[in-house]
Amino acid sequence: MKVFCFLVSMAGLLFLSCASEPEKVPEKEPEKAPEKSVTEVPAPEKELARAKELRDLVVRYELEKIAVQEFNSAENHLKEGEAAYGKDNEAAKASLERAIAGYRAVIKAGYTQISQKLKDDVERFKGEADELKASAALPEEYQTADGSYKKALEKEKAEEYEQALAGFTVAISLFRNVRDRSLEKKLRAERSLEEAKTGIANVEETAKELEEAEKQGGAQ
């Protein structure tokens, strides 16, 4: 009987110890933040287009000959940006931004020299147009050309060199066109005047011949 009671007591104690022990909940592993793929970074399309646009401007005016070191540096950054484009867009954007800054440095370094040549050309074509009285012959076209020139000068004053160079180039084209059209209009007017003079001379000659004929007829 004592043995039986002992066994019952031990079983009770074992049951209580199992019931009191809290159930272990498996620990969750900390969630890892998803790695950002390089392809998720937007492609730097604007930066690439801007870098190429500035490069075209530099090459068009041969500014790379004035600032050789800055140009070569910008070229290297452009190549790096193009190589990383679509593979590591973050790195591509950084390289392209450095290329943009480099090309702008080239433009600034060579601006004074090239802009003076462009302004001289504008003034030359403008002067030739003025000699032909283009402001009276083609008032709208002349005002458009003059407005482009003034706007380019404003851009120059604001140190917006890219826009200034582009503006001077446009003004050259417009004033050249105004000069050519004014000259053509003048020559056409002169031809018309000569034709009119020739016509009048012919009429006078015919009238004189008729008068002579009448005199001869009256004498008979």
# chains A, B, ... in the order shown; residues from 1 in each chain; ligands from 1
call {"tool": "residues_around", "arguments": {"residues": "region 136-139 of chain A", "least_positions_apart": "5", "cutoff": "9 Å", "atoms": "only C-alpha atoms", "output": "PyMOL selection string"}}
result
chain A and resi 144+178+181-182+185-186
call {"tool": "residues_around", "arguments": {"residues": "Ala145 (chain A)", "least_positions_apart": "6", "cutoff": "12 Å", "atoms": "only C-alpha atoms", "output": "PDB file with N, CA and C atoms, in the first residue's frame"}}
result
ATOM      1  N   VAL A 122      27.193  87.281 -86.846  1.00  0.00           N
ATOM      2  CA  VAL A 122      25.847  87.852 -86.726  1.00  0.00           C
ATOM      3  C   VAL A 122      25.865  89.308 -87.174  1.00  0.00           C
ATOM      4  N   GLU A 123      26.816  90.064 -86.672  1.00  0.00           N
ATOM      5  CA  GLU A 123      26.901  91.489 -87.005  1.00  0.00           C
ATOM      6  C   GLU A 123      27.158  91.705 -88.498  1.00  0.00           C
ATOM      7  N   PHE A 125      26.233  89.687 -91.104  1.00  0.00           N
ATOM      8  CA  PHE A 125      25.007  89.434 -91.868  1.00  0.00           C
ATOM      9  C   PHE A 125      23.932  90.477 -91.555  1.00  0.00           C
ATOM     10  N   LYS A 126      23.898  90.915 -90.309  1.00  0.00           N
ATOM     11  CA  LYS A 126      22.932  91.953 -89.920  1.00  0.00           C
ATOM     12  C   LYS A 126      23.237  93.254 -90.657  1.00  0.00           C
ATOM     13  N   ALA A 129      22.208  93.014 -94.224  1.00  0.00           N
ATOM     14  CA  ALA A 129      20.748  93.111 -94.315  1.00  0.00           C
ATOM     15  C   ALA A 129      20.294  94.557 -94.156  1.00  0.00           C
ATOM     16  N   ALA A 134      16.503  95.720 -95.096  1.00  0.00           N
ATOM     17  CA  ALA A 134      15.709  94.516 -94.850  1.00  0.00           C
ATOM     18  C   ALA A 134      14.618  94.744 -93.813  1.00  0.00           C
ATOM     19  N   SER A 135      14.852  95.656 -92.872  1.00  0.00           N
ATOM     20  CA  SER A 135      13.840  95.908 -91.841  1.00  0.00           C
ATOM     21  C   SER A 135      12.557  96.457 -92.444  1.00  0.00           C
ATOM     22  N   LEU A 138      11.457  93.226 -95.308  1.00  0.00           N
ATOM     23  CA  LEU A 138      10.961  92.013 -94.642  1.00  0.00           C
ATOM     24  C   LEU A 138      10.890  92.274 -93.139  1.00  0.00           C
ATOM     25  N   PRO A 139       9.957  93.076 -92.689  1.00  0.00           N
ATOM     26  CA  PRO A 139       9.919  93.506 -91.283  1.00  0.00           C
ATOM     27  C   PRO A 139       9.763  92.367 -90.274  1.00  0.00           C
ATOM     28  N   LYS A 151      18.137  87.763 -77.556  1.00  0.00           N
ATOM     29  CA  LYS A 151      17.916  86.714 -76.560  1.00  0.00           C
ATOM     30  C   LYS A 151      19.209  85.958 -76.274  1.00  0.00           C
ATOM     31  N   ALA A 152      20.002  85.730 -77.315  1.00  0.00           N
ATOM     32  CA  ALA A 152      21.291  85.050 -77.137  1.00  0.00           C
ATOM     33  C   ALA A 152      22.226  85.887 -76.268  1.00  0.00           C
ATOM     34  N   GLY A 167      21.808  80.219 -79.625  1.00  0.00           N
ATOM     35  CA  GLY A 167      21.087  81.410 -80.054  1.00  0.00           C
ATOM     36  C   GLY A 167      21.834  82.207 -81.103  1.00  0.00           C
ATOM     37  N   PHE A 168      23.154  82.351 -80.938  1.00  0.00           N
ATOM     38  CA  PHE A 168      23.955  83.066 -81.934  1.00  0.00           C
ATOM     39  C   PHE A 168      23.931  82.331 -83.274  1.00  0.00           C
ATOM     40  N   THR A 169      23.982  81.014 -83.212  1.00  0.00           N
ATOM     41  CA  THR A 169      23.949  80.210 -84.443  1.00  0.00           C
ATOM     42  C   THR A 169      22.632  80.401 -85.179  1.00  0.00           C
ATOM     43  N   VAL A 170      21.535  80.428 -84.430  1.00  0.00           N
ATOM     44  CA  VAL A 170      20.217  80.644 -85.033  1.00  0.00           C
ATOM     45  C   VAL A 170      20.137  82.050 -85.639  1.00  0.00           C
ATOM     46  N   ALA A 171      20.648  83.032 -84.905  1.00  0.00           N
ATOM     47  CA  ALA A 171      20.617  84.418 -85.392  1.00  0.00           C
ATOM     48  C   ALA A 171      21.404  84.568 -86.690  1.00  0.00           C
ATOM     49  N   ILE A 172      22.537  83.885 -86.794  1.00  0.00           N
ATOM     50  CA  ILE A 172      23.324  83.920 -88.027  1.00  0.00           C
ATOM     51  C   ILE A 172      22.499  83.410 -89.202  1.00  0.00           C
ATOM     52  N   SER A 173      21.853  82.273 -88.989  1.00  0.00           N
ATOM     53  CA  SER A 173      21.045  81.671 -90.047  1.00  0.00           C
ATOM     54  C   SER A 173      19.891  82.583 -90.458  1.00  0.00           C
ATOM     55  N   LEU A 174      19.232  83.181 -89.465  1.00  0.00           N
ATOM     56  CA  LEU A 174      18.085  84.047 -89.753  1.00  0.00           C
ATOM     57  C   LEU A 174      18.494  85.323 -90.487  1.00  0.00           C
ATOM     58  N   PHE A 175      19.562  85.960 -90.021  1.00  0.00           N
ATOM     59  CA  PHE A 175      20.015  87.193 -90.688  1.00  0.00           C
ATOM     60  C   PHE A 175      20.539  86.901 -92.098  1.00  0.00           C
ATOM     61  N   ARG A 176      21.183  85.756 -92.278  1.00  0.00           N
ATOM     62  CA  ARG A 176      21.648  85.391 -93.616  1.00  0.00           C
ATOM     63  C   ARG A 176      20.451  85.207 -94.556  1.00  0.00           C
ATOM     64  N   ASN A 177      19.423  84.562 -94.043  1.00  0.00           N
ATOM     65  CA  ASN A 177      18.224  84.349 -94.851  1.00  0.00           C
ATOM     66  C   ASN A 177      17.543  85.677 -95.188  1.00  0.00           C
ATOM     67  N   VAL A 178      17.481  86.583 -94.202  1.00  0.00           N
ATOM     68  CA  VAL A 178      16.881  87.903 -94.434  1.00  0.00           C
ATOM     69  C   VAL A 178      17.686  88.672 -95.473  1.00  0.00           C
ATOM     70  N   ARG A 179      19.007  88.612 -95.368  1.00  0.00           N
ATOM     71  CA  ARG A 179      19.863  89.301 -96.341  1.00  0.00           C
ATOM     72  C   ARG A 179      19.642  88.759 -97.746  1.00  0.00           C
TER      73      ARG A 179
END
call {"tool": "closest_residue", "arguments": {"among": "A:Glu53, A:Glu45, A:Glu162, A:Asp180", "to": "Ile107 (chain A)", "atoms": "only C-alpha atoms"}}
result
A:Glu162
call {"tool": "residues_around", "arguments": {"residues": "region 69-71 of chain A", "least_positions_apart": "5", "cutoff": "7 Å", "atoms": "only C-alpha atoms", "output": "mmCIF file with N, CA and C atoms, in the first residue's frame"}}
result
data_model
loop_
_atom_site.group_PDB
_atom_site.id
_atom_site.type_symbol
_atom_site.label_atom_id
_atom_site.label_comp_id
_atom_site.auth_asym_id
_atom_site.auth_seq_id
_atom_site.Cartn_x
_atom_site.Cartn_y
_atom_site.Cartn_z
ATOM 1 N N GLU A 64 36.739 71.100 -78.087
ATOM 2 C CA GLU A 64 37.629 70.094 -77.493
ATOM 3 C C GLU A 64 39.093 70.434 -77.743
ATOM 4 N N GLY A 102 31.738 67.763 -66.962
ATOM 5 C CA GLY A 102 32.973 67.916 -67.736
ATOM 6 C C GLY A 102 32.755 68.644 -69.044
ATOM 7 N N TYR A 103 31.702 68.290 -69.756
ATOM 8 C CA TYR A 103 31.417 68.962 -71.028
ATOM 9 C C TYR A 103 31.064 70.434 -70.804
ATOM 10 N N ALA A 105 32.286 72.248 -68.466
ATOM 11 C CA ALA A 105 33.564 72.907 -68.197
ATOM 12 C C ALA A 105 34.285 73.225 -69.510
ATOM 13 N N VAL A 106 34.182 72.313 -70.471
ATOM 14 C CA VAL A 106 34.799 72.544 -71.791
ATOM 15 C C VAL A 106 34.144 73.742 -72.476
#
call {"tool": "select_by_dssp", "arguments": {"residues": "region 30-177 of chain A", "states": "alpha helix (DSSP H)", "output": "PyMOL selection string"}}
result
chain A and resi 45-60+68-84+89-131+134-137+139-157+161-177
call {"tool": "closest_residue", "arguments": {"among": "A:Leu118, A:Glu82, A:Thr112, A:Arg98", "to": "Tyr161 (chain A)", "atoms": "only C-alpha atoms"}}
result
A:Thr112
call {"tool": "residues_around", "arguments": {"residues": "Arg104 (chain A)", "least_positions_apart": "5", "cutoff": "12 Å", "atoms": "only C-alpha atoms", "output": "list in words"}}
result
Arg50, Ala51, Lys52, Glu53, Leu54, Arg55, Asp56, Leu57, Val58, Leu63, Glu64, Ala67, Glu70, Phe71, Ser73, Ala74, Glu97, Arg98, Ala99, Ala109, Gly110, Tyr111, Glu159, Glu160, Tyr161, Glu162 and Gln163 of chain A
call {"tool": "write_last_selection", "arguments": {"atoms": "C-alpha atoms", "output": "tab-separated table (two decimals), in the first residue's frame"}}
result
chain	number	residue	atom	x	y	z
A	50	ARG	CA	22.01	65.49	-71.90
A	51	ALA	CA	25.62	64.29	-71.95
A	52	LYS	CA	25.39	63.47	-75.66
A	53	GLU	CA	23.70	66.79	-76.39
A	54	LEU	CA	26.50	68.73	-74.70
A	55	ARG	CA	29.12	66.61	-76.43
A	56	ASP	CA	27.58	67.39	-79.82
A	57	LEU	CA	27.72	71.09	-78.97
A	58	VAL	CA	31.39	70.84	-77.99
A	63	LEU	CA	35.83	73.35	-78.30
A	64	GLU	CA	37.63	70.09	-77.49
A	67	ALA	CA	40.09	72.39	-73.32
A	70	GLU	CA	38.57	68.50	-69.58
A	71	PHE	CA	37.19	67.01	-72.78
A	73	SER	CA	37.94	63.41	-68.83
A	74	ALA	CA	34.32	63.96	-69.85
A	97	GLU	CA	26.55	63.38	-64.26
A	98	ARG	CA	30.34	63.72	-64.13
A	99	ALA	CA	30.42	63.67	-67.94
A	109	ALA	CA	36.60	77.30	-71.14
A	110	GLY	CA	36.18	77.82	-74.89
A	111	TYR	CA	33.15	80.07	-74.83
A	159	GLU	CA	26.17	82.72	-68.14
A	160	GLU	CA	23.90	80.21	-69.85
A	161	TYR	CA	26.59	79.50	-72.38
A	162	GLU	CA	25.03	76.54	-74.18
A	163	GLN	CA	21.84	78.48	-74.94
call {"tool": "closest_residue", "arguments": {"among": "A:Glu62, A:Glu75, A:Asp146, A:Asp88", "to": "Pro44 (chain A)", "atoms": "only C-alpha atoms"}}
result
A:Asp88
